[in-house]
Amino acid sequence: MPGTPLDADTAWELILDASGQPKATVSLPASNLPALWAGADGTLRYPSLVSDVARQLFDTFLPLLGKVPAGRSYVVAQMGQSLDGRIATVTGASRFINGDDGLTHLHRLRAVCDAVIVGAGTATCDNPRLTVRHTSGVNPVRVVIDRHRRVPAHHHLFTDHEAPTLHLTEGHYTGTDKHPFRDHYTEVPCLGTDEAPAEPDQVLSVLRDFGLRRGFLGGGG
């Protein structure tokens, strides 16, 4: 057993190691000693010294890494709001309500998901990058819900090449539209029409077709 508690940075790297290949036991770095394991009831148990912050990270993120059943998707959402319950001013202005710790948490959520999903309104107004630059980890695929192609072509999501972008637009998806991500940008007609819009479960089915089973709803930044 280590003499000092497992810190937050090490805990986060262990979480990233467990992402995509969840195990009953998470081992300490360069060791076969367990940092924690999941009991039969799903409760996390800690045989090693673990700091309070590291324990909070494990408790928050490891449950998100369980195996996704075939034909299913997991979707996580986060919303930052002020103490008086607002997400923007009365004029619609909003920027970094969460603060630094909130942004780090947001980016960690992205890092354990396959895709981050944003609507056309947020993508147009905020011009976000939707990366994990405030933490370590792999950038998720950016998914833009944009039936009428409202998001400007010069925005980061379409030009920065920091992660692949799926641009979901008007049309009907048959499965023949699927192809590997190319040039970091892929347009996928699948959102139906104004008269017959695609349902959320249909959109999630399209994302599964691209191997995206864990989605994160949260735009901005």
# chains A, B, ... in the order shown; residues from 1 in each chain; ligands from 1
>>> residues_around(residues="region 66-82 of chain A", least_positions_apart="5", cutoff="6 Å", atoms="only C-alpha atoms", output="list in words")
Ile87, Asn98, Arg213, Arg214, Gly215, Phe216, Leu217 and Gly218 of chain A
>>> write_last_selection(atoms="N, CA and C atoms", output="PDB file, in the first residue's frame")
ATOM      1  N   ILE A  87     -28.744  30.527 -16.987  1.00  0.00           N
ATOM      2  CA  ILE A  87     -27.658  30.047 -17.833  1.00  0.00           C
ATOM      3  C   ILE A  87     -27.160  31.157 -18.752  1.00  0.00           C
ATOM      4  N   ASN A  98     -19.408  28.541 -15.466  1.00  0.00           N
ATOM      5  CA  ASN A  98     -18.929  27.473 -14.589  1.00  0.00           C
ATOM      6  C   ASN A  98     -17.659  27.804 -13.824  1.00  0.00           C
ATOM      7  N   ARG A 213     -21.226   5.437 -29.152  1.00  0.00           N
ATOM      8  CA  ARG A 213     -22.246   4.876 -28.268  1.00  0.00           C
ATOM      9  C   ARG A 213     -22.435   5.684 -26.988  1.00  0.00           C
ATOM     10  N   ARG A 214     -21.429   6.475 -26.630  1.00  0.00           N
ATOM     11  CA  ARG A 214     -21.550   7.355 -25.463  1.00  0.00           C
ATOM     12  C   ARG A 214     -21.561   8.797 -25.951  1.00  0.00           C
ATOM     13  N   GLY A 215     -22.670   9.475 -25.743  1.00  0.00           N
ATOM     14  CA  GLY A 215     -22.787  10.852 -26.197  1.00  0.00           C
ATOM     15  C   GLY A 215     -22.853  11.819 -25.035  1.00  0.00           C
ATOM     16  N   PHE A 216     -22.290  12.984 -25.238  1.00  0.00           N
ATOM     17  CA  PHE A 216     -22.333  14.034 -24.223  1.00  0.00           C
ATOM     18  C   PHE A 216     -23.024  15.254 -24.805  1.00  0.00           C
ATOM     19  N   LEU A 217     -24.105  15.684 -24.162  1.00  0.00           N
ATOM     20  CA  LEU A 217     -24.826  16.882 -24.583  1.00  0.00           C
ATOM     21  C   LEU A 217     -24.291  18.065 -23.795  1.00  0.00           C
ATOM     22  N   GLY A 218     -23.625  18.953 -24.469  1.00  0.00           N
ATOM     23  CA  GLY A 218     -23.086  20.116 -23.774  1.00  0.00           C
ATOM     24  C   GLY A 218     -22.281  20.955 -24.731  1.00  0.00           C
TER      25      GLY A 218
END
>>> residues_around(residues="Glu187 (chain A)", least_positions_apart="5", cutoff="7 Å", atoms="only C-alpha atoms", output="short mmCIF file (atom, residue, chain, number, x, y, z; two decimals) with N, CA and C atoms, in the first residue's frame")
data_model
loop_
_atom_site.label_atom_id
_atom_site.label_comp_id
_atom_site.auth_asym_id
_atom_site.auth_seq_id
_atom_site.Cartn_x
_atom_site.Cartn_y
_atom_site.Cartn_z
N LEU A 166 -18.96 15.29 -37.27
CA LEU A 166 -20.11 14.78 -38.03
C LEU A 166 -21.13 15.90 -38.12
N HIS A 167 -21.47 16.30 -39.32
CA HIS A 167 -22.43 17.38 -39.55
C HIS A 167 -23.75 16.74 -39.97
N LEU A 168 -24.69 16.65 -39.03
CA LEU A 168 -25.98 16.01 -39.31
C LEU A 168 -26.93 17.04 -39.90
#
>>> atom_distance(atom1="CA of Ile15 (chain A)", atom2="CA of Thr135 (chain A)")
12.4 Å
>>> atom_distance(atom1="CA of Arg129 (chain A)", atom2="CA of Leu212 (chain A)")
18.5 Å
>>> atom_distance(atom1="CA of Ala115 (chain A)", atom2="CA of Val143 (chain A)")
6.6 Å
>>> select_by_dssp(residues="region 108-191 of chain A", states="alpha helix (DSSP H)", output="PyMOL selection string")
chain A and resi 108-111+120-126+156-159
>>> write_last_selection(atoms="C-alpha atoms", output="CSV table (one decimal), in the first residue's frame")
chain,number,residue,atom,x,y,z
A,108,ARG,CA,-13.4,15.5,-18.4
A,109,LEU,CA,-16.9,14.4,-19.3
A,110,ARG,CA,-16.1,14.9,-22.9
A,111,ALA,CA,-13.0,12.8,-22.5
A,120,ALA,CA,-27.0,24.6,-34.5
A,121,GLY,CA,-27.9,27.5,-32.3
A,122,THR,CA,-25.1,27.0,-29.8
A,123,ALA,CA,-22.6,26.1,-32.5
A,124,THR,CA,-23.5,29.3,-34.4
A,125,CYS,CA,-23.5,31.7,-31.5
A,126,ASP,CA,-20.6,30.3,-29.4
A,156,HIS,CA,-13.9,25.9,-35.6
A,157,LEU,CA,-15.9,22.7,-35.8
A,158,PHE,CA,-15.5,22.6,-39.5
A,159,THR,CA,-12.0,24.0,-39.9
>>> closest_residue(among="A:Gly175, A:Asp194, A:Gly85, A:His134", to="Gly99 (chain A)", atoms="only C-alpha atoms")
A:His134
>>> select_by_dssp(residues="region 36-166 of chain A", states="strand (DSSP E or B)", output="ChimeraX atom specification")
/A:36-38,44-45,50,74-77,115-119,141-145,165-166
>>> closest_residue(among="A:Asp114, A:Leu62, A:His154, A:Ile145", to="Phe210 (chain A)", atoms="only C-alpha atoms")
A:Asp114
>>> decode(residues="region 53-125 of chain A", atoms="C-alpha atoms", output="tab-separated table (two decimals), in the first residue's frame")
chain	number	residue	atom	x	y	z
A	53	VAL	CA	-10.59	14.50	-4.56
A	54	ALA	CA	-9.42	11.27	-6.22
A	55	ARG	CA	-12.32	9.39	-4.63
A	56	GLN	CA	-14.76	11.97	-6.01
A	57	LEU	CA	-13.31	11.52	-9.49
A	58	PHE	CA	-13.64	7.74	-9.30
A	59	ASP	CA	-17.21	7.97	-7.96
A	60	THR	CA	-18.20	10.43	-10.70
A	61	PHE	CA	-16.58	9.00	-13.82
A	62	LEU	CA	-16.12	5.25	-13.42
A	63	PRO	CA	-19.89	4.55	-13.48
A	64	LEU	CA	-19.95	6.18	-16.94
A	65	LEU	CA	-17.49	3.62	-18.30
A	66	GLY	CA	-19.65	0.51	-18.00
A	67	LYS	CA	-20.29	-1.59	-21.09
A	68	VAL	CA	-23.03	-0.16	-23.32
A	69	PRO	CA	-25.51	-2.93	-24.26
A	70	ALA	CA	-25.88	-3.75	-27.95
A	71	GLY	CA	-28.38	-1.49	-29.69
A	72	ARG	CA	-28.28	1.05	-26.87
A	73	SER	CA	-26.63	4.41	-26.27
A	74	TYR	CA	-25.67	6.32	-23.15
A	75	VAL	CA	-26.20	10.07	-23.19
A	76	VAL	CA	-24.86	12.39	-20.48
A	77	ALA	CA	-25.79	16.06	-20.19
A	78	GLN	CA	-24.41	18.96	-18.19
A	79	MET	CA	-25.66	22.50	-17.72
A	80	GLY	CA	-23.79	25.31	-16.01
A	81	GLN	CA	-25.95	27.87	-14.24
A	82	SER	CA	-25.57	30.76	-11.83
A	83	LEU	CA	-26.72	30.67	-8.21
A	84	ASP	CA	-29.98	32.33	-9.21
A	85	GLY	CA	-30.69	29.57	-11.72
A	86	ARG	CA	-29.74	31.35	-14.93
A	87	ILE	CA	-27.66	30.05	-17.83
A	88	ALA	CA	-27.42	33.46	-19.52
A	89	THR	CA	-28.41	37.09	-19.06
A	90	VAL	CA	-31.78	38.36	-20.24
A	91	THR	CA	-30.09	39.38	-23.51
A	92	GLY	CA	-28.80	35.85	-24.05
A	93	ALA	CA	-25.17	36.71	-23.26
A	94	SER	CA	-23.33	33.86	-21.55
A	95	ARG	CA	-19.67	32.99	-21.10
A	96	PHE	CA	-17.93	30.59	-18.72
A	97	ILE	CA	-20.52	30.64	-15.95
A	98	ASN	CA	-18.93	27.47	-14.59
A	99	GLY	CA	-15.49	28.87	-13.72
A	100	ASP	CA	-12.19	27.00	-14.08
A	101	ASP	CA	-13.14	23.93	-12.02
A	102	GLY	CA	-16.43	23.64	-13.88
A	103	LEU	CA	-14.65	23.80	-17.24
A	104	THR	CA	-12.24	21.07	-16.18
A	105	HIS	CA	-15.17	18.87	-15.16
A	106	LEU	CA	-16.90	19.61	-18.47
A	107	HIS	CA	-13.83	18.62	-20.47
A	108	ARG	CA	-13.38	15.45	-18.41
A	109	LEU	CA	-16.93	14.44	-19.26
A	110	ARG	CA	-16.09	14.92	-22.93
A	111	ALA	CA	-12.95	12.82	-22.54
A	112	VAL	CA	-14.89	9.73	-21.38
A	113	CYS	CA	-17.49	10.00	-24.17
A	114	ASP	CA	-17.28	8.99	-27.82
A	115	ALA	CA	-19.08	12.08	-29.08
A	116	VAL	CA	-20.03	15.56	-27.92
A	117	ILE	CA	-23.34	16.72	-29.39
A	118	VAL	CA	-24.26	20.35	-30.03
A	119	GLY	CA	-27.18	22.08	-31.71
A	120	ALA	CA	-26.98	24.57	-34.54
A	121	GLY	CA	-27.93	27.53	-32.34
A	122	THR	CA	-25.15	27.00	-29.81
A	123	ALA	CA	-22.62	26.11	-32.51
A	124	THR	CA	-23.47	29.28	-34.42
A	125	CYS	CA	-23.47	31.68	-31.46
